[in-house]
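Visitor: My structure is stored as target05.txt, with compact mmCIF, C-alpha atoms and all ligand atoms.
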# COMPACT_ATOMS: atom_id res chain seq x y z
CA MET A 1 110.23 186.89 102.19
CA THR A 2 108.01 189.72 100.96
CA HIS A 3 106.52 192.88 102.44
CA ARG A 4 102.90 193.71 101.66
CA ILE A 5 102.28 197.29 100.52
CA ARG A 6 98.71 198.59 100.74
CA LEU A 7 97.57 201.62 98.82
CA GLU A 8 95.27 203.84 100.83
CA GLY A 9 92.07 203.92 98.82
CA GLY A 10 92.50 200.40 97.47
CA GLY A 11 95.12 198.16 95.91
CA VAL A 12 97.89 195.98 97.25
CA PHE A 13 101.20 194.63 96.01
CA ASP A 14 104.10 192.63 97.41
CA VAL A 15 107.72 193.73 97.43
CA SER A 16 110.58 191.31 98.01
CA ALA A 17 112.44 191.98 101.27
CA GLU A 18 115.68 192.03 99.25
CA GLU A 19 114.22 194.66 96.94
CA ASP A 20 116.31 197.80 96.63
CA THR A 21 113.52 200.36 96.73
CA LEU A 22 109.76 200.73 97.02
CA LEU A 23 109.63 202.18 93.50
CA ARG A 24 111.48 199.36 91.81
CA GLY A 25 109.48 196.79 93.77
CA ALA A 26 106.22 198.45 92.71
CA LEU A 27 107.25 198.55 89.04
CA ARG A 28 108.39 194.91 89.16
CA ALA A 29 104.93 194.10 90.52
CA GLY A 30 103.42 195.89 87.49
CA VAL A 31 102.08 198.88 89.48
CA GLY A 32 101.95 202.22 87.62
CA PHE A 33 103.79 204.13 90.37
CA PRO A 34 104.43 207.72 89.19
CA HIS A 35 108.15 208.26 88.54
CA ASP A 36 110.73 209.49 86.06
CA CYS A 37 114.42 209.39 86.94
CA ASN A 38 114.56 206.61 89.60
CA VAL A 39 117.68 208.24 91.14
CA GLY A 40 116.36 210.88 93.54
CA GLY A 41 116.49 213.86 91.18
CA CYS A 42 113.02 214.57 89.78
CA GLY A 43 110.67 214.14 92.76
CA ASN A 44 107.92 212.51 90.68
CA CYS A 45 107.76 209.41 92.92
CA ARG A 46 106.80 211.39 96.06
CA PHE A 47 104.40 209.57 98.36
CA ASP A 48 103.13 209.60 101.96
CA LEU A 49 103.85 206.78 104.37
CA VAL A 50 100.59 206.24 106.25
CA ASP A 51 101.58 203.24 108.31
CA GLY A 52 104.65 200.98 108.72
CA GLU A 53 108.38 201.50 108.57
CA MET A 54 110.69 202.44 105.69
CA GLU A 55 114.38 203.16 105.50
CA THR A 56 115.44 206.32 103.61
CA LEU A 57 118.49 205.53 101.48
CA TRP A 58 119.56 209.05 100.52
CA PRO A 59 118.07 211.61 102.95
CA GLU A 60 119.52 214.61 101.05
CA ALA A 61 118.11 213.57 97.64
CA PRO A 62 117.41 216.78 95.67
CA GLY A 63 114.02 215.48 94.45
CA LEU A 64 112.44 216.60 97.75
CA SER A 65 112.17 220.30 98.60
CA ASP A 66 112.44 221.58 102.18
CA ARG A 67 108.67 222.04 102.09
CA ASP A 68 108.19 218.41 101.00
CA ARG A 69 110.36 217.27 103.90
CA ARG A 70 108.43 219.42 106.40
CA ARG A 71 105.21 217.83 105.12
CA GLY A 72 106.65 214.33 105.61
CA LYS A 73 106.88 213.46 101.89
CA ARG A 74 109.19 210.63 100.81
CA LEU A 75 110.68 209.48 97.52
CA ALA A 76 109.79 205.92 96.53
CA CYS A 77 113.12 205.60 94.67
CA GLN A 78 114.97 206.29 97.94
CA SER A 79 112.71 204.32 100.32
CA ARG A 80 113.07 200.69 101.28
CA PRO A 81 110.18 198.98 103.12
CA LEU A 82 111.24 197.25 106.34
CA GLY A 83 107.90 195.48 106.84
CA ASP A 84 104.27 195.67 105.72
CA CYS A 85 103.26 199.29 105.02
CA THR A 86 100.34 201.47 103.91
CA ILE A 87 101.13 204.34 101.55
CA ARG A 88 99.27 207.21 99.86
CA VAL A 89 99.98 207.67 96.14
CA ARG A 90 97.89 207.65 92.97
CA PRO A 91 99.14 205.06 90.43
CA ALA A 92 98.44 205.75 86.76
CA ASP A 93 98.45 203.50 83.70
CA GLU A 94 100.99 205.67 81.88
CA TYR A 95 103.64 204.65 84.47
CA ARG A 96 103.02 200.94 84.17
CA PRO A 97 106.21 199.25 82.88
CA VAL A 98 106.17 198.39 79.15
CA ALA A 99 108.61 195.54 79.88
CA PRO A 100 109.03 194.11 83.38
CA PRO A 101 112.27 195.32 85.03
CA ARG A 102 114.68 192.55 86.06
CA ARG A 103 117.79 192.41 88.19
CA MET A 104 120.70 190.97 86.21
CA THR A 105 124.47 190.77 86.17
CA GLY A 106 126.30 192.17 83.16
CA VAL A 107 129.87 191.49 82.05
CA LEU A 108 131.70 194.40 80.40
CA ARG A 109 132.74 193.03 76.99
CA ARG A 110 133.92 196.19 75.21
CA ARG A 111 134.42 199.90 75.68
CA ALA A 112 134.97 202.26 72.76
CA ALA A 113 135.87 205.93 73.13
CA LEU A 114 133.60 208.25 71.12
CA THR A 115 134.97 211.64 72.22
CA ALA A 116 137.42 212.89 74.86
CA ASP A 117 134.87 212.28 77.64
CA ILE A 118 132.21 209.96 76.12
CA ALA A 119 132.50 206.21 75.54
CA GLU A 120 130.17 203.38 74.58
CA PHE A 121 130.11 200.51 77.10
CA VAL A 122 128.94 197.09 75.90
CA PHE A 123 127.70 194.68 78.58
CA GLU A 124 126.44 191.13 78.20
CA THR A 125 123.85 189.44 80.40
CA ALA A 126 122.88 185.77 80.48
CA GLU A 127 119.25 186.80 79.76
CA PRO A 128 118.02 188.36 76.50
CA ALA A 129 118.09 192.17 76.51
CA ARG A 130 114.40 193.09 76.68
CA PHE A 131 113.50 196.77 76.44
CA VAL A 132 111.84 199.32 74.21
CA ALA A 133 114.10 201.83 72.41
CA GLY A 134 114.60 204.93 74.57
CA GLN A 135 114.48 203.18 77.96
CA TYR A 136 117.21 203.11 80.59
CA ALA A 137 118.71 200.71 83.12
CA LEU A 138 120.15 201.27 86.59
CA LEU A 139 123.81 200.33 86.99
CA ARG A 140 125.73 200.12 90.23
CA PRO A 141 129.29 201.38 89.60
CA PRO A 142 131.72 200.11 92.26
CA GLY A 143 132.53 202.22 95.31
CA VAL A 144 129.73 204.81 95.05
CA GLU A 145 126.48 205.31 96.91
CA GLY A 146 123.30 204.47 95.02
CA VAL A 147 122.81 203.55 91.38
CA ARG A 148 123.21 205.50 88.15
CA ALA A 149 120.72 205.59 85.26
CA TYR A 150 122.14 204.95 81.78
CA SER A 151 120.01 204.67 78.64
CA MET A 152 120.45 201.83 76.20
CA SER A 153 121.91 202.92 72.84
CA ASN A 154 121.13 199.65 71.02
CA LEU A 155 117.94 197.69 70.35
CA ALA A 156 116.44 194.76 72.25
CA ASN A 157 118.20 191.49 71.36
CA ASP A 158 118.35 187.83 72.31
CA ALA A 159 122.14 187.89 72.73
CA GLY A 160 121.85 189.83 76.01
CA GLU A 161 123.81 192.83 74.71
CA TRP A 162 123.27 196.14 76.52
CA ARG A 163 125.03 199.21 75.14
CA PHE A 164 125.31 202.50 77.04
CA VAL A 165 126.82 205.81 75.94
CA VAL A 166 128.32 207.29 79.10
CA ARG A 167 129.81 210.73 79.59
CA ARG A 168 132.41 211.20 82.25
CA THR A 169 131.03 214.22 84.11
CA PRO A 170 133.39 216.68 85.85
CA GLN A 171 133.63 215.68 89.55
CA GLY A 172 131.12 212.87 88.94
CA ARG A 173 131.80 209.83 91.13
CA GLY A 174 129.70 207.18 89.39
CA SER A 175 130.79 208.02 85.85
CA ALA A 176 134.44 208.23 86.99
CA ALA A 177 134.08 204.72 88.44
CA MET A 178 132.62 203.52 85.13
CA PHE A 179 135.69 204.79 83.27
CA GLU A 180 138.39 203.97 85.82
CA ASP A 181 137.29 201.05 87.95
CA VAL A 182 135.25 198.87 85.60
CA ARG A 183 137.57 196.76 83.45
CA ILE A 184 136.82 194.47 80.51
CA GLY A 185 135.52 191.18 82.01
CA ASP A 186 134.25 192.84 85.23
CA THR A 187 130.64 192.30 86.27
CA LEU A 188 128.13 194.98 87.27
CA ALA A 189 124.57 194.84 88.59
CA ILE A 190 122.15 195.93 85.84
CA ASP A 191 118.49 196.50 86.70
CA GLY A 192 116.03 197.35 83.98
CA PRO A 193 114.42 198.37 81.79
CA TYR A 194 112.85 201.55 83.18
CA GLY A 195 111.46 204.74 81.72
CA HIS A 196 108.54 205.89 79.60
CA ALA A 197 110.33 208.17 77.11
CA HIS A 198 110.39 205.20 74.75
CA PHE A 199 109.56 204.95 71.07
CA ARG A 200 105.84 204.84 70.24
CA GLU A 201 105.80 202.67 67.15
CA GLY A 202 102.11 203.16 66.49
CA ALA A 203 102.14 206.98 66.52
CA PRO A 204 101.26 208.05 62.94
CA ARG A 205 103.63 211.01 62.78
CA ASP A 206 107.16 211.92 61.70
CA VAL A 207 109.80 211.30 64.33
CA VAL A 208 111.86 214.22 65.67
CA LEU A 209 114.76 213.23 67.93
CA ILE A 210 116.82 215.74 69.91
CA ALA A 211 119.89 214.99 72.05
CA GLY A 212 122.24 217.03 74.17
CA GLY A 213 125.63 215.55 75.16
CA SER A 214 125.33 211.97 76.39
CA GLY A 215 121.57 212.13 75.69
CA ILE A 216 122.61 210.75 72.32
CA GLY A 217 122.43 207.13 73.62
CA PRO A 218 118.63 206.74 73.72
CA ILE A 219 118.30 208.90 70.59
CA VAL A 220 120.47 206.47 68.58
CA SER A 221 118.34 203.61 69.87
CA ILE A 222 115.06 205.32 68.88
CA ALA A 223 116.49 206.39 65.51
CA ARG A 224 117.33 202.77 64.72
CA ALA A 225 113.92 201.57 65.89
CA ALA A 226 112.15 204.29 63.87
CA ILE A 227 113.89 203.62 60.55
CA ARG A 228 113.09 199.93 60.90
CA ALA A 229 109.50 200.36 62.02
CA THR A 230 108.36 203.26 59.87
CA PRO A 231 110.38 203.46 56.65
CA SER A 232 107.80 205.80 55.12
CA ARG A 233 108.04 208.34 57.91
CA ARG A 234 110.70 211.03 58.17
CA VAL A 235 113.17 210.70 61.01
CA LEU A 236 114.93 213.95 61.92
CA VAL A 237 117.79 213.94 64.43
CA PHE A 238 119.24 217.03 66.12
CA GLU A 239 122.44 216.68 68.15
CA GLY A 240 123.61 219.50 70.39
CA ALA A 241 127.25 219.59 71.49
CA ARG A 242 129.89 222.14 72.44
CA THR A 243 132.33 221.54 69.59
CA ARG A 244 132.67 219.36 66.52
CA ALA A 245 134.96 217.02 68.48
CA ASP A 246 132.06 216.32 70.91
CA LEU A 247 129.64 214.95 68.29
CA CYS A 248 128.92 211.20 68.45
CA PHE A 249 125.80 210.48 66.41
CA PRO A 250 127.49 209.92 63.00
CA THR A 251 129.95 207.41 64.53
CA LEU A 252 127.21 205.58 66.41
CA MET A 253 124.86 205.38 63.41
CA GLY A 254 127.46 204.35 60.83
CA GLU A 255 125.81 203.31 57.54
CA ASP A 256 122.33 204.13 58.86
CA LEU A 257 123.18 207.85 59.07
CA ARG A 258 121.97 208.38 55.49
CA ARG A 259 118.51 207.11 56.45
CA VAL A 260 117.79 210.07 58.76
CA GLY A 261 117.89 213.85 58.39
CA TYR A 262 120.72 214.90 60.71
CA THR A 263 121.54 218.38 62.05
CA ALA A 264 124.34 219.13 64.51
CA ALA A 265 124.27 222.39 66.49
CA LEU A 266 127.49 223.53 68.15
CA SER A 267 127.37 225.98 71.05
CA ALA A 268 131.10 226.59 71.59
CA GLU A 269 132.89 225.86 68.30
CA ALA A 270 135.73 228.36 67.78
CA ALA A 271 134.66 231.35 65.68
CA GLY A 272 137.57 230.82 63.26
CA SER A 273 136.87 227.13 62.57
CA ASP A 274 135.65 225.98 59.16
CA TRP A 275 132.43 224.53 60.64
CA SER A 276 129.64 225.40 58.20
CA GLY A 277 126.77 223.77 60.13
CA ALA A 278 124.45 225.23 62.76
CA ARG A 279 125.79 227.20 65.70
CA GLY A 280 124.05 227.93 68.98
CA PHE A 281 121.77 225.78 71.10
CA VAL A 282 120.10 222.70 69.73
CA HIS A 283 116.54 223.92 70.43
CA GLU A 284 117.25 226.94 68.22
CA ALA A 285 118.28 224.59 65.40
CA VAL A 286 115.04 222.62 65.86
CA GLU A 287 113.00 225.81 65.63
CA ARG A 288 114.74 226.91 62.44
CA ALA A 289 114.43 223.51 60.77
CA LEU A 290 110.89 222.38 61.51
CA GLY A 291 109.02 224.94 59.43
CA ASP A 292 105.34 224.06 59.65
CA ARG A 293 105.83 220.45 60.82
CA TRP A 294 105.02 220.95 64.51
CA GLU A 295 101.57 219.38 64.18
CA THR A 296 102.73 216.34 62.26
CA SER A 297 105.65 215.27 64.48
CA GLU A 298 106.23 213.14 67.57
CA PHE A 299 109.13 214.47 69.71
CA TYR A 300 111.67 212.49 71.73
CA PHE A 301 114.50 214.17 73.60
CA ALA A 302 117.16 213.43 76.20
CA GLY A 303 119.91 215.41 77.85
CA PRO A 304 120.71 217.98 80.52
CA PRO A 305 117.77 219.62 82.35
CA PRO A 306 118.30 223.14 80.85
CA MET A 307 118.01 221.69 77.33
CA ILE A 308 114.83 219.86 78.30
CA GLU A 309 113.30 223.04 79.77
CA ALA A 310 114.20 225.03 76.63
CA LEU A 311 112.54 222.40 74.43
CA ILE A 312 109.38 222.24 76.55
CA ASP A 313 109.15 226.02 76.35
CA LEU A 314 109.60 225.92 72.56
CA LEU A 315 107.28 223.00 71.85
CA VAL A 316 104.48 223.46 74.36
CA MET A 317 104.42 227.18 75.11
CA ARG A 318 105.38 228.63 71.74
CA ARG A 319 104.36 225.95 69.22
CA THR A 320 101.40 224.48 71.17
CA VAL A 321 102.42 220.87 70.53
CA PRO A 322 100.13 218.63 72.67
CA THR A 323 102.12 217.34 75.66
CA ASP A 324 101.28 213.71 74.87
CA ARG A 325 103.52 213.99 71.78
CA LEU A 326 106.58 214.84 73.90
CA HIS A 327 108.66 212.01 75.41
CA TYR A 328 111.80 212.97 77.28
CA ASP A 329 114.34 212.10 79.98
CA ARG A 330 116.13 214.70 82.03
CA PHE A 331 119.64 213.42 82.78
CA PHE A 332 119.93 214.40 86.46
C1 LIG B 1 116.68 208.60 83.11
C2 LIG B 1 118.16 208.94 83.04
C3 LIG B 1 118.92 208.45 82.00
C4 LIG B 1 120.28 208.76 81.92
N1 LIG B 1 121.01 208.29 80.87
C5 LIG B 1 122.33 208.60 80.78
C6 LIG B 1 123.12 208.13 79.67
O1 LIG B 1 122.63 207.40 78.80
N2 LIG B 1 124.42 208.49 79.64
C7 LIG B 1 125.01 209.28 80.61
O2 LIG B 1 126.21 209.57 80.52
N3 LIG B 1 124.28 209.75 81.65
C8 LIG B 1 122.97 209.42 81.76
N4 LIG B 1 122.25 209.87 82.84
C9 LIG B 1 122.95 210.61 83.91
C10 LIG B 1 123.64 209.60 84.86
O3 LIG B 1 122.65 208.79 85.50
C11 LIG B 1 124.45 210.25 85.98
O4 LIG B 1 123.70 211.22 86.64
C12 LIG B 1 125.72 210.86 85.42
O5 LIG B 1 126.54 209.84 84.87
C13 LIG B 1 126.49 211.57 86.55
O6 LIG B 1 126.75 210.65 87.56
P1 LIG B 1 128.06 210.73 88.45
O7 LIG B 1 128.01 209.68 89.47
O8 LIG B 1 129.27 210.81 87.60
O9 LIG B 1 127.90 212.17 89.16
P2 LIG B 1 127.61 212.44 90.68
O10 LIG B 1 127.41 213.92 90.76
O11 LIG B 1 128.63 211.82 91.54
O12 LIG B 1 126.22 211.68 90.93
C14 LIG B 1 125.01 212.18 90.38
C15 LIG B 1 124.02 211.06 90.29
O13 LIG B 1 124.13 210.13 91.34
C16 LIG B 1 122.98 210.10 92.17
N5 LIG B 1 123.50 210.14 93.56
C17 LIG B 1 124.42 210.98 94.04
N6 LIG B 1 124.66 210.73 95.37
C18 LIG B 1 123.85 209.70 95.70
C19 LIG B 1 123.60 208.98 96.93
N7 LIG B 1 124.24 209.27 98.07
N8 LIG B 1 122.69 207.99 96.90
C20 LIG B 1 122.03 207.68 95.77
N9 LIG B 1 122.21 208.33 94.58
C21 LIG B 1 123.11 209.33 94.56
C22 LIG B 1 122.20 211.33 91.76
O14 LIG B 1 120.84 211.19 91.79
C23 LIG B 1 122.60 211.52 90.34
O15 LIG B 1 121.86 210.62 89.55
C24 LIG B 1 120.89 209.57 82.93
C25 LIG B 1 120.11 210.05 83.99
C26 LIG B 1 118.77 209.73 84.05
C27 LIG B 1 117.95 210.26 85.21
Could I get this structure in the form of structure tokens?
Guide:
Amino acid sequence: MTHRIRLEGGGVFDVSAEEDTLLRGALRAGVGFPHDCNVGGCGNCRFDLVDGEMETLWPEAPGLSDRDRRRGKRLACQSRPLGDCTIRVRPADEYRPVAPPRRMTGVLRRRAALTADIAEFVFETAEPARFVAGQYALLRPPGVEGVRAYSMSNLANDAGEWRFVVRRTPQGRGSAAMFEDVRIGDTLAIDGPYGHAHFREGAPRDVVLIAGGSGIGPIVSIARAAIRATPSRRVLVFEGARTRADLCFPTLMGEDLRRVGYTAALSAEAAGSDWSGARGFVHEAVERALGDRWETSEFYFAGPPPMIEALIDLLVMRRTVPTDRLHYDRFF
């Protein structure tokens, strides 16, 4: 059974009655529904329900402000249609999925620790792994409400291998379940791919990649895609971490490390350590390193929201990089 969703002002699409959310149903139908995080954090998928009934999955989702709630706004990533509905939202081509998202089941084949609180999880699906470097999937760890977004750290492949670099966050329920309750051989629902902070192969510029913490997953994926697609272009990678023991990029890249320019910036390495690399925040390291190459670079970044804000301030406000050259995911 399907529910018919009408867009006020024209347009219609069908969403399966088993569909998890309006947003995912819209994207599966190929509609360019505005969105970013898919997990209730960013608020970009706000819409108005004009007619019909929808269930709200997470009423307290931080993506809606009190003002939004007073005005009757809803989040498409937290709304499930209960019948035919009419909604008000303005779809845009830039949000149209680059690869159609699919619901799959993944078996955990391997888990490898990278640092004290970060590990790479390797899942296998029966279907080929279809995505563009830099995208993410939604996983449903056992025993928690909702889904969690994790970015793929590998490249698309026919073997159905999906790799995710996951950080166990302090007090985090979903990431704790990933580390404690998901064992080798267990299955998990995987829905994807999603996201538009993906590699733009055709962009004729050098590639600058910046990661904070577990944001390294999509950055490894894009770095691998970039060195394969554009051998003549420079690929610069900046990894921000607290201490040397928290760095993962060299381990994840292995042999390919020598094919990129790599800078690590440590914000909390002990003053007496023999670390001779950059200290401070990663955006400061980017600013020092780029020289006059702001105009000739395409920027991709992923990590905690404060890092993203600092980079937007640096790139857009201070270095006047056009916003269409910035591609990023805030890890809410
Ligand atoms: C686009 C994107 C890509 C990401 N990629 C990665 C990655 O590659 N690696 C990584 O380690 N982290 C990644 N994250 C962060 C990750 O999704 C989780 O937020 C993080 O693991 C913390 O989750 P937690 O359950 O441990 O923490 P918690 O604090 O328990 O949960 C926070 C997360 O769960 C959601 N949530 C909380 N309560 C509910 C509820 N009642 N109903 C529905 N949803 C709820 C929130 O929106 C938030 O996403 C990404 C986030 C986004 C948005």
Visitor: Find the nearest atom pair between each residue of chain A and ligand LIG 1 (chain B) for residues within 6 Å, count only C-alpha atoms and all ligand atoms, give distances in Å to one decimal, sort rows by chain and ascending number, and present the table as CSV.
Guide:
residue,atom,partner,partner_atom,distance
A:Cys37,CA,B:LIG1,C27,4.0
A:Val39,CA,B:LIG1,O14,4.4
A:Gly40,CA,B:LIG1,O14,4.8
A:Gly41,CA,B:LIG1,O14,5.1
A:Trp58,CA,B:LIG1,N8,4.9
A:Tyr136,CA,B:LIG1,C3,5.8
A:Glu145,CA,B:LIG1,N8,4.6
A:Gly146,CA,B:LIG1,C20,3.5
A:Val147,CA,B:LIG1,N9,5.8
A:Arg148,CA,B:LIG1,O3,4.3
A:Ala149,CA,B:LIG1,O3,3.7
A:Tyr150,CA,B:LIG1,N1,3.6
A:Ser151,CA,B:LIG1,O1,3.8
A:Phe164,CA,B:LIG1,O1,5.9
A:Val165,CA,B:LIG1,N2,5.2
A:Val166,CA,B:LIG1,O2,3.4
A:Arg167,CA,B:LIG1,O2,3.9
A:Thr169,CA,B:LIG1,O8,5.2
A:Gly172,CA,B:LIG1,O8,3.1
A:Arg173,CA,B:LIG1,O11,3.8
A:Gly174,CA,B:LIG1,O7,3.0
A:Ser175,CA,B:LIG1,O8,3.6
A:Ala176,CA,B:LIG1,O8,5.8
A:Ser214,CA,B:LIG1,N2,4.8
A:Gly215,CA,B:LIG1,O1,5.8
A:Gly217,CA,B:LIG1,O1,5.2
A:Asp329,CA,B:LIG1,C1,5.2
A:Arg330,CA,B:LIG1,C27,5.8
A:Phe331,CA,B:LIG1,C25,3.6
A:Phe332,CA,B:LIG1,C27,4.8
Visitor: A:Gly72, A:Pro141, A:Gly192, A:Gly212: which is nearest Gly25 of chain A, counting only C-alpha atoms?
Guide: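 Answer, going by the shortest atom-to-atom distance: A:Gly192.
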Visitor: Of the candidates A:Ala76, A:Leu155, A:Leu108, A:Ala265, which shows the shortest atom-to-atom distance to Arg88 of chain A, using all atoms listed in the file?
Guide: A:Ala76
Visitor: Give the answer as one residue: which of A:Cys248, A:Ala302, A:Val122, A:Ile190 has the shortest atom-to-atom distance to Tyr328 of chain A, using all atoms listed in the file?
Guide: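 Among the listed residues, the smallest separation from Tyr328 of chain A belongs to A:Ala302.
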Visitor: So the first atom is atom CA of Gly261 of chain A and the second is atom CA of Leu236 of chain A; what is the distance between them in Å, to one decimal place?
Guide: 4.6 Å
Visitor: Mind dumping a table of every segment 193-247 of chain A residue within 10 Å of segment 91-96 of chain A, with the nearest atom pair and its distance in Å to one decimal, using all atoms listed in the file, sorted by chain and rising number, as JSON lines?
Guide:
{"residue": "A:Tyr194", "atom": "CA", "partner": "A:Tyr95", "partner_atom": "CA", "distance": 9.8}
{"residue": "A:Gly195", "atom": "CA", "partner": "A:Tyr95", "partner_atom": "CA", "distance": 8.3}
{"residue": "A:His196", "atom": "CA", "partner": "A:Tyr95", "partner_atom": "CA", "distance": 7.0}
Visitor: Need to verify the contact set: segment 251-255 of chain A, 9 Å, all atoms listed in the file, exclusion of same-chain residues closer than 4 positions in sequence. Can you return it as an mmCIF file with C-alpha atoms, keeping the file's coordinate frame?
Guide:
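Everything below was put into selection_12.cif:
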data_model
loop_
_atom_site.group_PDB
_atom_site.id
_atom_site.type_symbol
_atom_site.label_atom_id
_atom_site.label_comp_id
_atom_site.auth_asym_id
_atom_site.auth_seq_id
_atom_site.Cartn_x
_atom_site.Cartn_y
_atom_site.Cartn_z
ATOM 1 C CA LEU A 114 133.600 208.250 71.120
ATOM 2 C CA GLU A 120 130.170 203.380 74.580
ATOM 3 C CA SER A 153 121.910 202.920 72.840
ATOM 4 C CA GLY A 217 122.430 207.130 73.620
ATOM 5 C CA VAL A 220 120.470 206.470 68.580
ATOM 6 C CA ALA A 223 116.490 206.390 65.510
ATOM 7 C CA ARG A 224 117.330 202.770 64.720
ATOM 8 C CA LEU A 247 129.640 214.950 68.290
ATOM 9 C CA ARG A 259 118.510 207.110 56.450
#
Visitor: When you look at Gly213 of chain A with a cut-off of 8 Å (counting all atoms listed in the file), what residues show up, excluding the ones that are within fewer than 6 positions of it in the same chain? I need them as a ChimeraX atom specification.
Guide: /A:167,239-241,246-247,303-304
Visitor: Between atom CA of Val282 of chain A and atom CA of Pro322 of chain A, what is the distance in Å, rounded to a tenth?
Guide: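 Distance reported for this atom pair: 20.6 Å.
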Visitor: Between A:Ala156, A:Ala29, A:Met178, A:Leu266, which is the closest to Gly11 of chain A once you count all atoms listed in the file?
Guide: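 The shortest atom-to-atom distance to Gly11 of chain A comes from A:Ala29.
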Visitor: With a distance cut-off of 10 Å and only C-alpha atoms, select the neighbouring residues of segment 284-288 of chain A, excluding the residue or stretch itself and same-chain residues fewer than 3 positions from it, and output the selection as JSON, numbers by chain.
Guide: {"A": [208, 209, 210, 236, 237, 238, 239, 240, 263, 264, 265, 266, 278, 279, 280, 281, 291, 292, 294, 310, 311, 314, 315, 319]}
Visitor: Kindly save the residues from that selection, with C-alpha atoms included, as a tab-separated table (two decimals), in the frame of the given file.
Guide:
chain	number	residue	atom	x	y	z
A	208	VAL	CA	111.86	214.22	65.67
A	209	LEU	CA	114.76	213.23	67.93
A	210	ILE	CA	116.82	215.74	69.91
A	236	LEU	CA	114.93	213.95	61.92
A	237	VAL	CA	117.79	213.94	64.43
A	238	PHE	CA	119.24	217.03	66.12
A	239	GLU	CA	122.44	216.68	68.15
A	240	GLY	CA	123.61	219.50	70.39
A	263	THR	CA	121.54	218.38	62.05
A	264	ALA	CA	124.34	219.13	64.51
A	265	ALA	CA	124.27	222.39	66.49
A	266	LEU	CA	127.49	223.53	68.15
A	278	ALA	CA	124.45	225.23	62.76
A	279	ARG	CA	125.79	227.20	65.70
A	280	GLY	CA	124.05	227.93	68.98
A	281	PHE	CA	121.77	225.78	71.10
A	291	GLY	CA	109.02	224.94	59.43
A	292	ASP	CA	105.34	224.06	59.65
A	294	TRP	CA	105.02	220.95	64.51
A	310	ALA	CA	114.20	225.03	76.63
A	311	LEU	CA	112.54	222.40	74.43
A	314	LEU	CA	109.60	225.92	72.56
A	315	LEU	CA	107.28	223.00	71.85
A	319	ARG	CA	104.36	225.95	69.22
Visitor: Can you tell me how far atom CA of Gly63 of chain A sits from atom CA of Ser16 of chain A, in Å to one decimal?
Guide: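 We find that atom CA of Gly63 of chain A and atom CA of Ser16 of chain A lie 24.7 Å from each other.
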